[in-house]
$ cat my_file-v9.txt   # compact mmCIF, C-alpha atoms
# COMPACT_ATOMS: atom_id res chain seq x y z
CA MET M 1 198.45 175.23 51.63
CA LYS M 2 201.61 174.39 53.56
CA GLN M 3 202.84 176.80 56.20
CA ILE M 4 206.07 177.26 58.15
CA ALA M 5 205.24 178.94 61.42
CA ASP M 6 206.35 179.49 65.00
CA PHE M 7 204.02 178.17 67.68
CA LYS M 8 204.06 179.01 71.36
CA LEU M 9 203.67 176.16 73.85
CA VAL M 10 200.64 177.23 75.90
CA GLU M 11 199.83 174.00 77.76
CA LYS M 12 201.75 170.82 78.52
CA GLN M 13 200.53 167.61 80.11
CA ASP M 14 203.00 164.93 81.14
CA PHE M 15 201.96 161.27 80.88
CA GLY M 16 205.39 159.86 81.69
CA ARG M 17 206.66 158.35 78.47
CA SER M 18 204.43 160.66 76.42
CA VAL M 19 203.55 164.35 76.65
CA LEU M 20 200.66 166.41 75.31
CA LEU M 21 201.78 169.70 73.78
CA GLN M 22 199.19 172.42 73.06
CA LEU M 23 200.68 174.91 70.61
CA ARG M 24 199.31 178.27 69.47
CA SER M 25 200.24 180.32 66.40
CA GLU M 26 199.73 184.02 65.74
CA MET M 27 198.89 183.08 62.15
CA ALA M 28 195.56 181.61 61.05
CA LEU M 29 195.86 177.87 60.57
CA PRO M 30 195.49 176.37 57.10
CA ASP M 31 192.84 173.72 56.50
CA ILE M 32 193.98 170.52 58.23
CA GLN M 33 192.66 167.04 57.44
CA PRO M 34 192.56 164.28 60.06
CA GLY M 35 195.56 162.04 59.47
CA GLN M 36 197.92 164.75 58.27
CA PHE M 37 201.14 165.50 60.17
CA VAL M 38 203.66 168.22 61.00
CA GLN M 39 207.45 168.39 60.75
CA VAL M 40 208.80 169.85 63.98
CA ARG M 41 212.16 171.58 64.30
CA VAL M 42 213.95 170.42 67.43
CA ALA M 43 215.94 173.49 68.46
CA GLY M 44 218.82 173.24 70.91
CA SER M 45 219.51 169.52 70.42
CA PRO M 46 223.02 169.04 68.98
CA ALA M 47 222.26 165.43 68.00
CA THR M 48 219.04 166.28 66.13
CA TYR M 49 219.66 167.68 62.65
CA LEU M 50 216.35 166.90 60.96
CA ARG M 51 212.78 167.88 61.77
CA ARG M 52 210.68 165.21 63.44
CA PRO M 53 207.35 164.08 61.92
CA ILE M 54 204.50 164.09 64.45
CA SER M 55 200.86 163.24 63.76
CA ILE M 56 198.28 165.91 64.53
CA HIS M 57 196.33 164.95 67.64
CA ASP M 58 193.86 167.83 67.75
CA VAL M 59 193.10 171.17 66.11
CA ASP M 60 191.29 174.25 67.40
CA ALA M 61 191.06 176.50 64.34
CA LYS M 62 189.34 179.31 66.27
CA GLN M 63 192.29 179.57 68.66
CA ASN M 64 194.92 178.78 66.00
CA GLU M 65 195.98 175.83 68.14
CA ILE M 66 197.38 172.41 67.33
CA THR M 67 197.87 169.66 69.90
CA LEU M 68 200.55 167.00 69.54
CA LEU M 69 200.80 163.77 71.52
CA VAL M 70 204.52 163.03 71.56
CA GLN M 71 206.05 159.73 72.62
CA GLN M 72 209.65 159.91 73.75
CA VAL M 73 211.50 157.37 71.63
CA GLY M 74 214.79 159.09 70.78
CA GLU M 75 216.91 162.19 71.35
CA GLY M 76 214.70 164.39 69.18
CA THR M 77 211.38 163.53 70.79
CA ARG M 78 212.92 163.53 74.28
CA HIS M 79 214.20 167.05 73.69
CA LEU M 80 210.84 168.14 72.30
CA ALA M 81 209.07 166.66 75.32
CA SER M 82 211.30 168.72 77.63
CA ALA M 83 209.94 172.02 76.25
CA ASN M 84 208.38 174.39 78.75
CA LYS M 85 205.31 176.63 78.56
CA GLY M 86 206.15 179.77 76.67
CA ASP M 87 208.79 178.12 74.49
CA THR M 88 208.62 178.61 70.72
CA ILE M 89 208.42 175.58 68.44
CA ASN M 90 208.68 175.88 64.66
CA MET M 91 206.63 173.55 62.46
CA VAL M 92 205.90 172.85 58.80
CA LEU M 93 202.23 171.96 58.30
CA PRO M 94 200.02 170.37 57.21
CA LEU M 95 201.83 167.58 55.41
CA GLY M 96 200.66 164.44 53.63
CA ASN M 97 197.19 163.20 52.81
CA GLY M 98 194.69 162.36 55.53
CA PHE M 99 191.82 159.93 55.99
CA SER M 100 188.94 159.93 53.55
CA LEU M 101 185.58 160.83 55.05
CA PRO M 102 182.93 158.10 55.22
CA GLY M 103 179.64 158.42 53.40
CA LYS M 104 176.41 159.42 55.08
CA GLY M 105 175.01 156.60 57.19
CA GLU M 106 178.16 154.45 57.05
CA LYS M 107 179.23 152.73 60.25
CA VAL M 108 182.83 153.53 61.08
CA LEU M 109 185.45 151.80 63.24
CA LEU M 110 188.64 153.60 64.30
CA VAL M 111 191.39 151.26 65.51
CA GLY M 112 194.46 152.57 67.34
CA GLY M 113 197.41 150.86 68.97
CA GLY M 114 199.82 152.52 71.39
CA ILE M 115 200.78 156.05 70.33
CA GLY M 116 198.87 155.27 67.10
CA ILE M 117 195.74 156.43 68.89
CA ALA M 118 196.99 160.03 68.53
CA PRO M 119 195.56 161.03 65.10
CA LEU M 120 192.30 159.23 65.76
CA TYR M 121 191.19 161.81 68.32
CA TYR M 122 191.00 164.66 65.82
CA PHE M 123 189.45 162.31 63.26
CA ALA M 124 186.72 161.25 65.70
CA LYS M 125 186.13 164.91 66.58
CA VAL M 126 185.71 165.86 62.90
CA LEU M 127 183.34 162.93 62.36
CA ASN M 128 181.24 164.06 65.34
CA GLY M 129 181.00 167.49 63.75
CA LYS M 130 179.53 165.86 60.65
CA GLY M 131 176.97 163.89 62.63
CA ILE M 132 178.91 160.61 62.54
CA ARG M 133 179.60 158.91 65.86
CA PRO M 134 182.35 156.34 65.29
CA THR M 135 183.16 153.22 67.24
CA LEU M 136 186.70 153.20 68.62
CA LEU M 137 188.88 150.19 69.42
CA LEU M 138 192.05 151.16 71.31
CA GLY M 139 194.83 148.82 72.35
CA GLY M 140 197.98 149.00 74.43
CA LYS M 141 200.39 146.82 76.35
CA SER M 142 198.84 147.97 79.62
CA GLN M 143 196.36 150.48 81.00
CA SER M 144 199.06 153.17 81.22
CA ASP M 145 199.37 153.16 77.42
CA LEU M 146 195.76 154.26 76.90
CA LEU M 147 196.00 158.03 77.21
CA ARG M 148 193.02 160.42 77.38
CA LEU M 149 190.62 157.47 77.35
CA GLU M 150 187.73 159.48 78.80
CA ASP M 151 188.11 162.07 76.02
CA TYR M 152 187.87 159.37 73.36
CA GLN M 153 184.82 157.89 75.08
CA ARG M 154 183.01 161.20 74.70
CA LEU M 155 183.43 160.97 70.92
CA GLY M 156 182.10 157.46 70.37
CA GLU M 157 181.54 154.01 71.80
CA THR M 158 185.00 152.94 72.90
CA PHE M 159 186.37 149.43 73.36
CA VAL M 160 189.75 148.59 74.87
CA THR M 161 192.27 145.77 74.82
CA THR M 162 195.48 145.44 76.83
CA GLU M 163 198.08 142.74 76.43
CA ASP M 164 198.36 142.27 80.20
CA GLY M 165 194.62 142.42 80.83
CA SER M 166 194.88 145.49 83.09
CA LEU M 167 191.99 147.17 81.26
CA GLY M 168 189.33 145.97 78.86
CA GLU M 169 189.67 142.61 77.13
CA LYS M 170 193.03 140.86 77.34
CA GLY M 171 194.93 140.47 74.08
CA PHE M 172 195.38 142.34 70.83
CA VAL M 173 192.85 144.59 69.10
CA THR M 174 192.20 141.87 66.50
CA MET M 175 191.05 139.56 69.30
CA HIS M 176 188.36 141.85 70.71
CA SER M 177 184.80 140.53 70.73
CA VAL M 178 183.51 143.62 68.89
CA TRP M 179 184.60 141.97 65.63
CA GLN M 180 182.04 139.20 66.18
CA LYS M 181 179.28 141.41 67.60
CA GLN M 182 179.27 144.31 65.14
CA SER M 183 179.87 144.99 61.47
CA PHE M 184 181.32 148.12 59.87
CA ASP M 185 181.34 149.84 56.50
CA LYS M 186 184.78 151.43 56.89
CA ILE M 187 187.77 150.81 59.13
CA TYR M 188 190.56 153.29 59.82
CA VAL M 189 193.76 152.21 61.57
CA CYS M 190 196.93 153.68 63.06
CA GLY M 191 199.55 151.93 65.16
CA PRO M 192 202.43 149.45 64.90
CA LYS M 193 202.78 147.97 61.41
CA PRO M 194 202.14 144.34 62.48
CA MET M 195 198.89 145.45 64.13
CA MET M 196 197.81 147.40 61.06
CA LYS M 197 198.57 144.43 58.81
CA ALA M 198 196.50 142.17 61.07
CA VAL M 199 193.54 144.56 61.05
CA ALA M 200 193.87 144.98 57.27
CA LYS M 201 193.69 141.20 56.89
CA LEU M 202 190.53 141.09 59.01
CA ALA M 203 189.00 143.88 56.95
CA ALA M 204 189.85 142.06 53.70
CA GLU M 205 188.21 138.88 54.99
CA LYS M 206 185.09 140.88 55.75
CA ASP M 207 185.35 142.79 52.42
CA VAL M 208 185.40 146.12 54.27
CA CYS M 209 187.24 149.21 53.05
CA CYS M 210 190.25 149.82 55.29
CA GLU M 211 192.64 152.78 55.50
CA VAL M 212 195.88 152.77 57.48
CA SER M 213 198.21 155.58 58.53
CA LEU M 214 201.79 154.44 57.97
CA GLU M 215 204.63 155.52 60.23
CA ASN M 216 207.64 154.95 57.96
CA LEU M 217 210.80 156.82 58.91
CA MET M 218 210.71 160.30 57.40
CA ALA M 219 213.30 163.02 57.02
CA CYS M 220 212.09 165.82 54.73
CA GLY M 221 208.31 165.29 54.82
CA LEU M 222 208.09 166.55 51.24
CA GLY M 223 208.95 163.52 49.11
CA ALA M 224 212.49 164.61 48.27
CA CYS M 225 214.76 162.37 50.36
CA LEU M 226 213.12 159.00 49.45
CA CYS M 227 213.72 157.46 52.88
CA CYS M 228 210.04 156.69 53.60
CA VAL M 229 209.29 154.69 50.43
CA GLU M 230 206.53 152.05 50.51
CA ASP M 231 205.82 149.42 47.86
CA THR M 232 202.32 149.70 46.41
CA VAL M 233 200.40 148.32 43.44
CA ASP M 234 201.29 151.60 41.70
CA GLY M 235 205.01 151.17 42.39
CA HIS M 236 207.21 152.65 45.10
CA VAL M 237 205.85 155.87 46.58
CA CYS M 238 206.88 158.27 49.33
CA VAL M 239 204.69 157.85 52.39
CA CYS M 240 205.16 161.49 53.43
CA LYS M 241 203.77 162.76 50.13
CA GLU M 242 201.38 160.04 48.89
CA GLY M 243 200.32 159.09 52.42
CA PRO M 244 200.67 158.72 55.30
CA VAL M 245 197.14 157.35 54.86
CA PHE M 246 196.62 154.57 52.31
CA ASN M 247 193.74 152.33 51.35
CA THR M 248 195.12 148.88 52.15
CA ARG M 249 194.13 147.65 48.69
CA ARG M 250 196.99 149.80 47.37
CA LEU M 251 199.61 148.26 49.64
CA LYS M 252 201.58 145.10 48.82
CA TRP M 253 200.95 143.53 52.19
$ encode --input "my_file-v9.txt" --output "structure tokens"
Amino acid sequence: MKQIADFKLVEKQDFGRSVLLQLRSEMALPDIQPGQFVQVRVAGSPATYLRRPISIHDVDAKQNEITLLVQQVGEGTRHLASANKGDTINMVLPLGNGFSLPGKGEKVLLVGGGIGIAPLYYFAKVLNGKGIRPTLLLGGKSQSDLLRLEDYQRLGETFVTTEDGSLGEKGFVTMHSVWQKQSFDKIYVCGPKPMMKAVAKLAAEKDVCCEVSLENLMACGLGACLCCVEDTVDGHVCVCKEGPVFNTRRLKW
């Protein structure tokens, strides 16, 4: 069930280009799947007319709290990142369809690039709660892009790549040695589209089920404005409504 609610900013952590916002509601949270997102109203920004879609980084249902990892890429997200503790932020949630859960005993790989690592934290946490310890492969341009790395490491065996070689193996996530050393039953990916396409190609070569979380530009988050359309084997669909998570076999990549 979707909900429009005010949240109070109770904690904020600044990572420079990105900020971690911990938000608490007085209302009980609806059921939230890993991979779903929120539409955030950016109040007080004259240049921001539409809500901004942000992936859900973490959920604490007992405390009615949602955590967002926000990268400052434009006026809307910069204004959101400037919020202070105690401020009220209005959100529509949860939106879209999340990741499917793996079967019992399946070996799972979560692949994240840049800010695309954000929804994988909650997903890994949910998997841990079901007795599944995933392997994580996280990539960034440099070490500074890999936020909360120690927290991810607590949820599963974590491998890292950086383009400049400042941490982990140098190169892209598709170049990491884990692909040669281990095999997986399911792969879940979020990050820049070229990276997701490259991982999807690897998965197809290995005949492994792969799901990706698309980050098409969204306005309404409800499938009405048609600005986030993606071409699939079933025709053109709205990512905000049919996704953002898709099995790559559905995508015309």
$ closest_residue --input "my_file-v9.txt" --among "M:Leu136, M:Ala224, M:Val189, M:Val245" --to "M:Gly35" --atoms "only C-alpha atoms"
M:Val245
$ residues_near_point --input "my_file-v9.txt" --point "(200.5, 167.8, 76.0)" --cutoff "10 Å" --atoms "all atoms listed in the file" --output "list in words"
Leu9, Val10, Glu11, Lys12, Gln13, Asp14, Phe15, Ser18, Val19, Leu20, Leu21, Gln22, Leu23, His57, Thr67, Leu68, Leu69, Val70 and Ala81 of chain M
$ atom_distance --input "my_file-v9.txt" --atom1 "atom CA of M:Lys8" --atom2 "atom CA of M:Pro53"
18.0 Å
$ residues_around --input "my_file-v9.txt" --residues "stretch 42-52 of chain M" --least-positions-apart "3" --cutoff "7 Å" --atoms "all atoms listed in the file" --output "list in words"
Gln39, Glu75, Gly76, His79, Leu80 and Ala219 of chain M
$ write_last_selection --input "my_file-v9.txt" --atoms "C-alpha atoms" --output "PDB file, keeping the file's coordinate frame"
ATOM      1  CA  GLN M  39     207.450 168.390  60.750  1.00  0.00           C
ATOM      2  CA  GLU M  75     216.910 162.190  71.350  1.00  0.00           C
ATOM      3  CA  GLY M  76     214.700 164.390  69.180  1.00  0.00           C
ATOM      4  CA  HIS M  79     214.200 167.050  73.690  1.00  0.00           C
ATOM      5  CA  LEU M  80     210.840 168.140  72.300  1.00  0.00           C
ATOM      6  CA  ALA M 219     213.300 163.020  57.020  1.00  0.00           C
TER       7      ALA M 219
END
$ residues_around --input "my_file-v9.txt" --residues "M:Pro102" --least-positions-apart "6" --cutoff "9 Å" --atoms "only C-alpha atoms" --output "PyMOL selection string"
chain M and resi 108+127+132+185-186
$ residues_around --input "my_file-v9.txt" --residues "M:Thr135" --least-positions-apart "6" --cutoff "9 Å" --atoms "all atoms listed in the file" --output "PyMOL selection string"
chain M and resi 107-111+124+155-159
$ residues_around --input "my_file-v9.txt" --residues "M:Val160" --least-positions-apart "5" --cutoff "12 Å" --atoms "all atoms listed in the file" --output "PyMOL selection string"
chain M and resi 110-114+117+135-143+145-147+149-150+152-153+165-178
$ atom_distance --input "my_file-v9.txt" --atom1 "atom CA of M:Asn247" --atom2 "atom CA of M:Val92"
25.0 Å
$ closest_residue --input "my_file-v9.txt" --among "M:Gln36, M:Gln63, M:Thr248, M:Gln71" --to "M:Met196" --atoms "only C-alpha atoms"
M:Thr248
$ residues_around --input "my_file-v9.txt" --residues "M:Arg249" --least-positions-apart "2" --cutoff "10 Å" --atoms "only C-alpha atoms" --output "MDAnalysis selection string"
chainID M and resid 200 204 209:211 232:233 246:247 251:253
$ write_last_selection --input "my_file-v9.txt" --atoms "C-alpha atoms" --output "mmCIF file, in the coordinates of the input"
data_model
loop_
_atom_site.group_PDB
_atom_site.id
_atom_site.type_symbol
_atom_site.label_atom_id
_atom_site.label_comp_id
_atom_site.auth_asym_id
_atom_site.auth_seq_id
_atom_site.Cartn_x
_atom_site.Cartn_y
_atom_site.Cartn_z
ATOM 1 C CA ALA M 200 193.870 144.980 57.270
ATOM 2 C CA ALA M 204 189.850 142.060 53.700
ATOM 3 C CA CYS M 209 187.240 149.210 53.050
ATOM 4 C CA CYS M 210 190.250 149.820 55.290
ATOM 5 C CA GLU M 211 192.640 152.780 55.500
ATOM 6 C CA THR M 232 202.320 149.700 46.410
ATOM 7 C CA VAL M 233 200.400 148.320 43.440
ATOM 8 C CA PHE M 246 196.620 154.570 52.310
ATOM 9 C CA ASN M 247 193.740 152.330 51.350
ATOM 10 C CA LEU M 251 199.610 148.260 49.640
ATOM 11 C CA LYS M 252 201.580 145.100 48.820
ATOM 12 C CA TRP M 253 200.950 143.530 52.190
#
$ closest_residue --input "my_file-v9.txt" --among "M:Lys104, M:Pro34, M:Ala61, M:Lys181" --to "M:Lys125" --atoms "all atoms listed in the file"
M:Pro34
